[in-house]
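J.: What follows is the file start.txt, containing compact mmCIF, C-alpha atoms:
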```txt
# COMPACT_ATOMS: atom_id res chain seq x y z
CA MET I 1 103.86 54.19 -5.19
CA ALA I 2 104.30 54.94 -8.89
CA VAL I 3 101.50 54.17 -11.37
CA GLY I 4 102.16 54.04 -15.10
CA ALA I 5 102.77 51.14 -17.49
CA ASP I 6 103.88 49.35 -14.30
CA ILE I 7 102.76 49.74 -10.70
CA THR I 8 105.70 49.98 -8.33
CA LEU I 9 105.43 50.10 -4.55
CA GLU I 10 108.39 50.82 -2.24
CA PHE I 11 108.44 50.81 1.56
CA TYR I 12 111.05 52.83 3.44
CA VAL I 13 111.73 52.91 7.18
CA GLU I 14 113.98 55.69 8.46
CA GLY I 15 115.01 56.39 4.87
CA VAL I 16 116.15 52.82 4.22
CA LEU I 17 114.42 50.79 1.50
CA GLN I 18 112.83 47.73 3.12
CA SER I 19 111.00 46.13 0.19
CA THR I 20 109.81 46.80 -3.33
CA ALA I 21 107.36 45.19 -5.74
CA THR I 22 106.57 45.88 -9.39
CA ALA I 23 103.76 44.48 -11.52
CA ALA I 24 102.54 45.26 -15.02
CA ASN I 25 99.59 47.63 -15.03
CA THR I 26 97.49 45.29 -17.17
CA GLY I 27 94.22 46.90 -16.08
CA GLY I 28 95.29 50.42 -17.03
CA GLU I 29 94.79 51.56 -13.45
CA GLY I 30 95.24 55.18 -12.41
CA LYS I 31 96.15 56.74 -9.08
CA PRO I 32 94.59 54.88 -6.14
CA ARG I 33 91.73 56.55 -4.30
CA GLN I 34 91.89 54.22 -1.30
CA VAL I 35 94.68 52.03 0.06
CA VAL I 36 93.94 49.44 2.75
CA PHE I 37 96.68 47.87 4.88
CA ALA I 38 95.27 44.68 6.39
CA ASN I 39 96.56 43.79 9.85
CA THR I 40 96.54 40.00 9.71
CA ALA I 41 98.01 39.72 13.21
CA LEU I 42 94.85 41.24 14.68
CA HIS I 43 92.14 40.20 12.24
CA GLY I 44 93.35 37.09 10.45
CA ILE I 45 94.25 33.50 11.16
CA SER I 46 97.98 33.70 10.55
CA ALA I 47 100.19 33.97 13.62
CA ASN I 48 103.37 34.56 11.61
CA ASN I 49 102.81 38.23 10.82
CA THR I 50 102.95 40.91 13.49
CA TRP I 51 102.74 44.52 12.34
CA TYR I 52 103.78 47.52 14.38
CA TYR I 53 103.23 50.95 12.91
CA ALA I 54 102.44 54.41 14.17
CA HIS I 55 101.82 56.42 11.01
CA ILE I 56 101.65 55.64 7.33
CA ALA I 57 101.47 58.71 5.09
CA ALA I 58 100.29 58.53 1.51
CA LEU I 59 100.83 61.91 -0.11
CA ASP I 60 100.17 62.47 -3.80
CA GLY I 61 103.49 63.18 -5.52
CA VAL I 62 105.25 64.10 -2.28
CA PRO I 63 108.14 61.87 -1.16
CA THR I 64 108.03 60.97 2.53
CA ILE I 65 111.52 59.44 2.74
CA GLY I 66 113.28 60.77 5.82
CA ARG I 67 110.22 62.60 7.13
CA ARG I 68 109.02 62.19 10.70
CA PHE I 69 105.43 62.65 11.81
CA VAL I 70 104.51 63.91 15.27
CA ARG I 71 100.98 63.32 16.54
CA ARG I 72 99.60 65.59 19.23
CA VAL I 73 96.14 65.50 20.83
CA PRO I 74 93.76 67.98 22.55
CA TYR I 75 94.73 68.77 26.12
CA THR I 76 92.83 71.70 27.67
CA VAL I 77 90.15 74.10 26.44
CA ALA I 78 91.62 77.41 25.29
CA THR I 79 89.88 80.58 24.01
CA PHE I 80 86.70 79.00 22.62
CA ASP I 81 84.31 76.52 24.25
CA GLU I 82 81.09 77.11 22.30
CA MET I 83 80.11 73.54 21.37
CA THR I 84 78.00 71.04 23.28
CA ASP I 85 79.94 68.59 25.50
CA SER I 86 83.49 68.91 26.78
CA ILE I 87 87.10 68.62 25.69
CA GLU I 88 87.18 65.10 27.18
CA ALA I 89 84.90 63.96 24.34
CA LEU I 90 87.61 64.96 21.86
CA ARG I 91 90.68 63.68 23.65
CA ASP I 92 89.49 60.25 24.78
CA GLY I 93 89.98 58.62 21.35
CA ASP I 94 86.45 57.17 21.42
CA ILE I 95 84.39 57.88 18.28
CA ALA I 96 81.19 57.38 20.30
CA THR I 97 81.84 60.47 22.45
CA ARG I 98 81.57 63.72 20.53
CA VAL I 99 81.08 67.45 20.67
CA ALA I 100 78.17 68.90 18.72
CA SER I 101 77.29 72.25 17.19
CA PRO I 102 73.69 73.23 16.43
CA VAL I 103 74.70 76.63 14.99
CA ALA I 104 77.20 77.45 12.24
CA GLY I 105 80.23 79.42 13.37
CA GLN I 106 80.62 77.82 16.78
CA ARG I 107 84.21 77.14 17.81
CA MET I 108 86.11 74.92 20.22
CA SER I 109 89.82 75.52 20.65
CA PHE I 110 92.40 73.74 22.74
CA THR I 111 96.02 73.38 23.68
CA LEU I 112 97.90 70.23 22.68
CA THR I 113 99.81 67.51 24.44
CA GLY I 114 102.05 64.73 23.22
CA PRO I 115 105.55 64.42 21.81
CA SER I 116 107.04 67.56 20.33
CA GLY I 117 109.31 65.71 17.92
CA PRO I 118 113.05 66.25 17.42
CA ALA I 119 114.58 68.82 19.75
CA ILE I 120 115.59 71.11 16.87
CA PRO I 121 113.58 70.26 13.74
CA SER I 122 115.48 71.44 10.69
CA ALA I 123 112.32 71.81 8.60
CA ILE I 124 108.62 71.35 9.18
CA ALA I 125 106.75 70.45 6.02
CA GLY I 126 103.31 71.36 7.32
CA LEU I 127 100.60 71.17 9.95
CA HIS I 128 97.61 68.87 9.49
CA LEU I 129 94.57 68.84 11.74
CA LYS I 130 92.42 65.71 11.52
CA GLN I 131 88.92 65.45 12.90
CA ILE I 132 86.28 62.74 12.59
CA ALA I 133 82.98 64.46 11.84
CA GLN I 134 79.41 63.64 10.88
CA GLY I 135 76.43 65.77 9.91
CA GLY I 136 73.42 65.79 12.18
CA SER I 137 69.68 65.87 11.61
CA ALA I 138 69.74 69.66 11.99
CA GLY I 139 72.28 72.45 12.11
CA PRO I 140 75.49 72.98 10.14
CA GLN I 141 76.62 70.24 7.76
CA ALA I 142 80.28 71.24 7.35
CA THR I 143 83.34 71.68 9.52
CA ALA I 144 86.84 73.15 9.39
CA GLY I 145 89.95 73.38 11.47
CA PHE I 146 91.60 76.61 12.52
CA LEU I 147 94.81 77.88 14.08
CA ARG I 148 94.76 80.72 16.61
CA MET I 149 97.94 82.77 16.56
CA GLY I 150 98.49 86.19 18.09
CA GLY I 151 94.78 86.46 18.90
CA VAL I 152 93.78 85.92 15.25
CA ASN I 153 91.91 82.87 13.87
CA HIS I 154 93.22 81.34 10.65
CA ASP I 155 90.40 79.14 9.31
CA ALA I 156 90.93 76.35 6.78
CA PRO I 157 88.31 75.89 4.04
CA ALA I 158 85.16 74.14 5.27
CA THR I 159 84.42 70.53 4.28
CA ALA I 160 80.88 69.15 3.97
CA VAL I 161 80.36 65.97 5.99
CA SER I 162 78.10 62.96 5.50
CA LEU I 163 74.88 62.39 7.41
CA LEU I 164 75.32 58.62 7.12
CA ALA I 165 78.56 57.95 8.99
CA PRO I 166 81.55 59.70 10.58
CA GLN I 167 84.33 60.61 8.14
CA PRO I 168 87.85 62.02 8.46
CA VAL I 169 88.25 65.71 7.65
CA TYR I 170 91.72 67.21 7.18
CA SER I 171 92.74 70.85 7.43
CA SER I 172 96.30 71.62 6.31
CA TRP I 173 98.69 74.54 6.49
CA PRO I 174 101.94 73.98 4.56
CA LEU I 175 103.09 77.48 5.56
CA ASN I 176 102.60 79.74 8.57
CA PRO I 177 99.37 81.66 7.74
CA VAL I 178 100.59 84.77 9.58
CA ASP I 179 103.27 85.61 7.01
CA ASP I 180 103.42 82.64 4.57
CA SER I 181 106.81 81.65 5.94
CA PRO I 182 107.99 78.04 6.43
CA TRP I 183 107.13 76.58 9.83
CA THR I 184 109.81 76.36 12.50
CA GLY I 185 109.78 74.83 15.95
CA LEU I 186 109.37 78.33 17.40
CA SER I 187 106.47 79.43 15.19
CA LEU I 188 104.15 76.47 15.74
CA PRO I 189 100.77 77.48 17.21
CA THR I 190 99.97 76.63 20.81
CA GLU I 191 96.21 76.78 20.20
CA ILE I 192 94.20 75.05 17.47
CA GLY I 193 90.54 74.22 17.08
CA ILE I 194 87.48 73.26 15.07
CA VAL I 195 84.66 75.43 13.76
CA SER I 196 81.21 74.43 12.48
CA SER I 197 80.30 75.81 9.08
```
Can I see the file as structure tokens?

T.:
Amino acid sequence: MAVGADITLEFYVEGVLQSTATAANTGGEGKPRQVVFANTALHGISANNTWYYAHIAALDGVPTIGRRFVRRVPYTVATFDEMTDSIEALRDGDIATRVASPVAGQRMSFTLTGPSGPAIPSAIAGLHLKQIAQGGSAGPQATAGFLRMGGVNHDAPATAVSLLAPQPVYSSWPLNPVDDSPWTGLSLPTEIGIVSS
């Protein structure tokens, strides 16, 4: 998406342009803060549109053409198991089941399962840990992700969370925090986690 005198949107699949649309920016709009992709096949009346998608990435000023995204999920508890409830509450995909932390600094870490991506990735642009979090009536009101590598925790900056509703929280590492080198298939961490703040 490019926003200027015109608004232009292009969709690529596997690096091939599928469609494009351009309209005059008559309202003087700036960069979007929220983009919603309606799934009319599931929630509308029309039976002519069926959408299948795994990931849509919207990165500010970063082209995603040719990039592949690999999603992995919690598998087993690793070094830390300090929060209330179990790893099953994280890996079941149900927002109603949760882990909780009444004290700042508590950690839960885990191994991952899921596809590992291409056999020999030529470049890995970054690691992103997503959690859905909500503040409680008491206790810490922020959370962060962390990577555990070589027995050392590499914490991302903490993000304050809402008391009203669950919200997505992202922790990102564009480079390997051990030595600031680009990620490779061999340097990816085998243990990641969340920490209350």

J.: Please provide the set of residues having any atom within 10 Å of I:Thr97, restricted to all atoms listed in the file, with same-chain residues fewer than 5 positions apart removed, written as a list of chain:residue names.

T.: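 The residues satisfying every condition are I:Asp85, I:Ser86, I:Glu88, I:Ala89, I:Leu90, I:Arg91, I:Asp92.
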
J.: Interatomic distance between atom CA of I:Val16 and atom CA of I:Val70?

T.: 19.5 Å

J.: How close does stretch 117-196 of chain I get to stretch 75-79 of chain I? List, as CSV, each residue of stretch 117-196 of chain I within 9 Å, its nearest atom pair and the distance in Å to one decimal, counting only C-alpha atoms.

T.:
```
residue,atom,partner,partner_atom,distance
I:Arg148,CA,I:Thr79,CA,8.9
I:Glu191,CA,I:Ala78,CA,6.9
I:Ile192,CA,I:Ala78,CA,8.6
I:Gly193,CA,I:Ala78,CA,8.9
```

J.: Can you list, as a VMD selection string, every protein, DNA or RNA residue that comes within 7 Å of stretch 125-133 of chain I when you count all atoms listed in the file, leaving out same-chain residues fewer than 6 positions away?

T.: chain I and resid 145 161 166 to 175 183

J.: Could you pull the residues within 7 Å of I:Ala21, counting all atoms listed in the file, minus those fewer than 4 positions along the same chain, as a PDB file with C-alpha atoms, in the frame of the given file?

T.:
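In the end it all went to selection_30.pdb:
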```pdb
ATOM      1  CA  THR I   8     105.700  49.980  -8.330  1.00  0.00           C
ATOM      2  CA  LEU I   9     105.430  50.100  -4.550  1.00  0.00           C
ATOM      3  CA  GLU I  10     108.390  50.820  -2.240  1.00  0.00           C
TER       4      GLU I  10
END
```

J.: Using all atoms listed in the file, can you tell me which of I:Arg67, I:Asp180, I:Pro74, I:Ala144 comes closest to I:Val13?

T.: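 Using all atoms listed in the file, the shortest distance to I:Val13 belongs to I:Arg67.
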
J.: Would you mind reading off the distance between atom CA of I:Val36 and atom CA of I:Thr64, one decimal, in Å?

T.: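 That distance, rounded to one decimal, is 18.2 Å.
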
J.: Could you work out how far atom CA of I:Arg71 lies from atom CA of I:Met108, giving the answer in Å with one decimal?

T.: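 Computing it gives 19.2 Å between the two atoms.
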
J.: Please check which residues have atoms at most 7 Å from (104.2, 45.7, -10.6) in the file's coordinates, counting all atoms listed in the file, and write them as number ranges by chain.

T.: I: 6-8, 21-25

J.: So which residues touch I:Ala123 within 9 Å, counting all atoms listed in the file, skipping near sequence neighbours fewer than 4 positions away, as a PyMOL selection string?

T.: chain I and resi 182-185

J.: Skip I:Glu29 itself and residues of its chain fewer than 5 positions away, then list as a PDB file with C-alpha atoms, keeping the file's coordinate frame all residues within 9 Å of it, counting only C-alpha atoms.

T.:
```pdb
ATOM      1  CA  VAL I   3     101.500  54.170 -11.370  1.00  0.00           C
ATOM      2  CA  GLY I   4     102.160  54.040 -15.100  1.00  0.00           C
ATOM      3  CA  ALA I   5     102.770  51.140 -17.490  1.00  0.00           C
ATOM      4  CA  ILE I   7     102.760  49.740 -10.700  1.00  0.00           C
TER       5      ILE I   7
END
```

J.: Taking (83.7, 77.4, 20.4) in the file's coordinates as the center, which residues reach within 8 Å of it, counting only C-alpha atoms, put as a ChimeraX atom specification?

T.: /I:79-83,106-109,194-195

J.: Which residue is closest to I:Thr111? Choose from I:Gly136, I:Gly27, I:Pro63, I:Pro189 and count only C-alpha atoms.

T.: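 Selected residue with least distance to I:Thr111: I:Pro189.
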
J.: Save stretch 113-155 of chain I to disk from that block, N, CA and C atoms included, as a tab-separated table (two decimals), in the first residue's frame.

T.:
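Final file, selection.tsv:
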```
chain	number	residue	atom	x	y	z
I	113	THR	N	6.54	-26.09	18.26
I	113	THR	CA	6.24	-27.11	17.28
I	113	THR	C	5.60	-26.45	16.07
I	114	GLY	N	5.58	-27.16	14.97
I	114	GLY	CA	5.00	-26.61	13.74
I	114	GLY	C	6.01	-26.65	12.62
I	115	PRO	N	5.63	-26.16	11.45
I	115	PRO	CA	6.54	-26.23	10.30
I	115	PRO	C	7.78	-25.40	10.53
I	116	SER	N	8.90	-25.88	10.04
I	116	SER	CA	10.17	-25.16	10.20
I	116	SER	C	10.51	-24.30	8.99
I	117	GLY	N	9.65	-24.35	7.97
I	117	GLY	CA	9.90	-23.51	6.80
I	117	GLY	C	10.76	-24.22	5.78
I	118	PRO	N	11.31	-23.45	4.82
I	118	PRO	CA	12.18	-24.05	3.79
I	118	PRO	C	13.35	-24.79	4.43
I	119	ALA	N	13.80	-25.85	3.77
I	119	ALA	CA	14.86	-26.68	4.33
I	119	ALA	C	16.12	-25.86	4.61
I	120	ILE	N	16.48	-24.97	3.69
I	120	ILE	CA	17.68	-24.14	3.87
I	120	ILE	C	17.29	-22.69	3.61
I	121	PRO	N	16.75	-21.98	4.61
I	121	PRO	CA	16.37	-20.59	4.37
I	121	PRO	C	17.59	-19.74	4.05
I	122	SER	N	17.51	-18.99	2.97
I	122	SER	CA	18.66	-18.17	2.58
I	122	SER	C	18.80	-16.94	3.45
I	123	ALA	N	17.70	-16.44	3.99
I	123	ALA	CA	17.75	-15.28	4.87
I	123	ALA	C	16.51	-15.28	5.74
I	124	ILE	N	16.66	-14.92	6.99
I	124	ILE	CA	15.55	-14.82	7.91
I	124	ILE	C	15.47	-13.38	8.35
I	125	ALA	N	14.37	-12.72	8.02
I	125	ALA	CA	14.26	-11.28	8.25
I	125	ALA	C	14.04	-10.94	9.71
I	126	GLY	N	13.50	-11.86	10.49
I	126	GLY	CA	13.29	-11.56	11.90
I	126	GLY	C	12.40	-12.57	12.58
I	127	LEU	N	12.40	-12.51	13.91
I	127	LEU	CA	11.54	-13.34	14.74
I	127	LEU	C	10.50	-12.43	15.41
I	128	HIS	N	9.26	-12.89	15.42
I	128	HIS	CA	8.19	-12.11	16.02
I	128	HIS	C	7.38	-13.04	16.92
I	129	LEU	N	7.25	-12.66	18.18
I	129	LEU	CA	6.46	-13.43	19.13
I	129	LEU	C	5.17	-12.66	19.38
I	130	LYS	N	4.03	-13.31	19.14
I	130	LYS	CA	2.74	-12.68	19.36
I	130	LYS	C	2.05	-13.36	20.54
I	131	GLN	N	1.54	-12.53	21.44
I	131	GLN	CA	0.71	-13.04	22.52
I	131	GLN	C	-0.56	-12.19	22.59
I	132	ILE	N	-1.62	-12.77	23.08
I	132	ILE	CA	-2.86	-12.05	23.34
I	132	ILE	C	-2.92	-11.88	24.85
I	133	ALA	N	-2.93	-10.64	25.32
I	133	ALA	CA	-2.82	-10.39	26.76
I	133	ALA	C	-3.85	-9.36	27.22
I	134	GLN	N	-4.15	-9.43	28.51
I	134	GLN	CA	-5.09	-8.50	29.12
I	134	GLN	C	-4.66	-8.26	30.55
I	135	GLY	N	-4.79	-7.00	31.01
I	135	GLY	CA	-4.50	-6.70	32.40
I	135	GLY	C	-5.59	-7.24	33.31
I	136	GLY	N	-5.21	-7.53	34.53
I	136	GLY	CA	-6.17	-8.05	35.50
I	136	GLY	C	-6.54	-6.99	36.53
I	137	SER	N	-7.36	-7.39	37.49
I	137	SER	CA	-7.78	-6.46	38.54
I	137	SER	C	-6.65	-6.14	39.51
I	138	ALA	N	-5.64	-6.99	39.54
I	138	ALA	CA	-4.48	-6.77	40.41
I	138	ALA	C	-3.26	-7.37	39.73
I	139	GLY	N	-2.09	-6.97	40.20
I	139	GLY	CA	-0.86	-7.54	39.66
I	139	GLY	C	-0.29	-6.72	38.51
I	140	PRO	N	0.67	-7.27	37.79
I	140	PRO	CA	1.34	-6.53	36.73
I	140	PRO	C	0.40	-6.20	35.58
I	141	GLN	N	0.63	-5.07	34.94
I	141	GLN	CA	-0.25	-4.61	33.86
I	141	GLN	C	0.50	-4.51	32.54
I	142	ALA	N	1.61	-5.22	32.40
I	142	ALA	CA	2.39	-5.21	31.16
I	142	ALA	C	2.98	-6.60	30.94
I	143	THR	N	3.38	-6.84	29.70
I	143	THR	CA	3.95	-8.14	29.36
I	143	THR	C	5.02	-7.96	28.29
I	144	ALA	N	5.85	-8.96	28.14
I	144	ALA	CA	6.89	-8.95	27.10
I	144	ALA	C	7.20	-10.38	26.70
I	145	GLY	N	7.79	-10.52	25.54
I	145	GLY	CA	8.31	-11.81	25.12
I	145	GLY	C	9.79	-11.88	25.40
I	146	PHE	N	10.33	-13.09	25.42
I	146	PHE	CA	11.78	-13.22	25.56
I	146	PHE	C	12.26	-14.47	24.83
I	147	LEU	N	13.53	-14.43	24.45
I	147	LEU	CA	14.21	-15.58	23.87
I	147	LEU	C	15.21	-16.08	24.90
I	148	ARG	N	15.35	-17.39	25.03
I	148	ARG	CA	16.37	-17.95	25.92
I	148	ARG	C	17.38	-18.69	25.07
I	149	MET	N	18.60	-18.19	25.08
I	149	MET	CA	19.66	-18.75	24.23
I	149	MET	C	20.94	-18.89	25.05
I	150	GLY	N	21.50	-20.08	25.06
I	150	GLY	CA	22.73	-20.31	25.81
I	150	GLY	C	22.57	-20.04	27.29
I	151	GLY	N	21.38	-20.28	27.83
I	151	GLY	CA	21.14	-20.06	29.25
I	151	GLY	C	20.92	-18.61	29.64
I	152	VAL	N	20.80	-17.72	28.65
I	152	VAL	CA	20.63	-16.28	28.91
I	152	VAL	C	19.27	-15.84	28.35
I	153	ASN	N	18.52	-15.04	29.12
I	153	ASN	CA	17.25	-14.49	28.67
I	153	ASN	C	17.46	-13.17	27.94
I	154	HIS	N	16.84	-13.03	26.80
I	154	HIS	CA	16.90	-11.79	26.02
I	154	HIS	C	15.48	-11.24	25.94
I	155	ASP	N	15.17	-10.30	26.86
I	155	ASP	CA	13.81	-9.75	26.98
I	155	ASP	C	13.57	-8.65	25.96
```
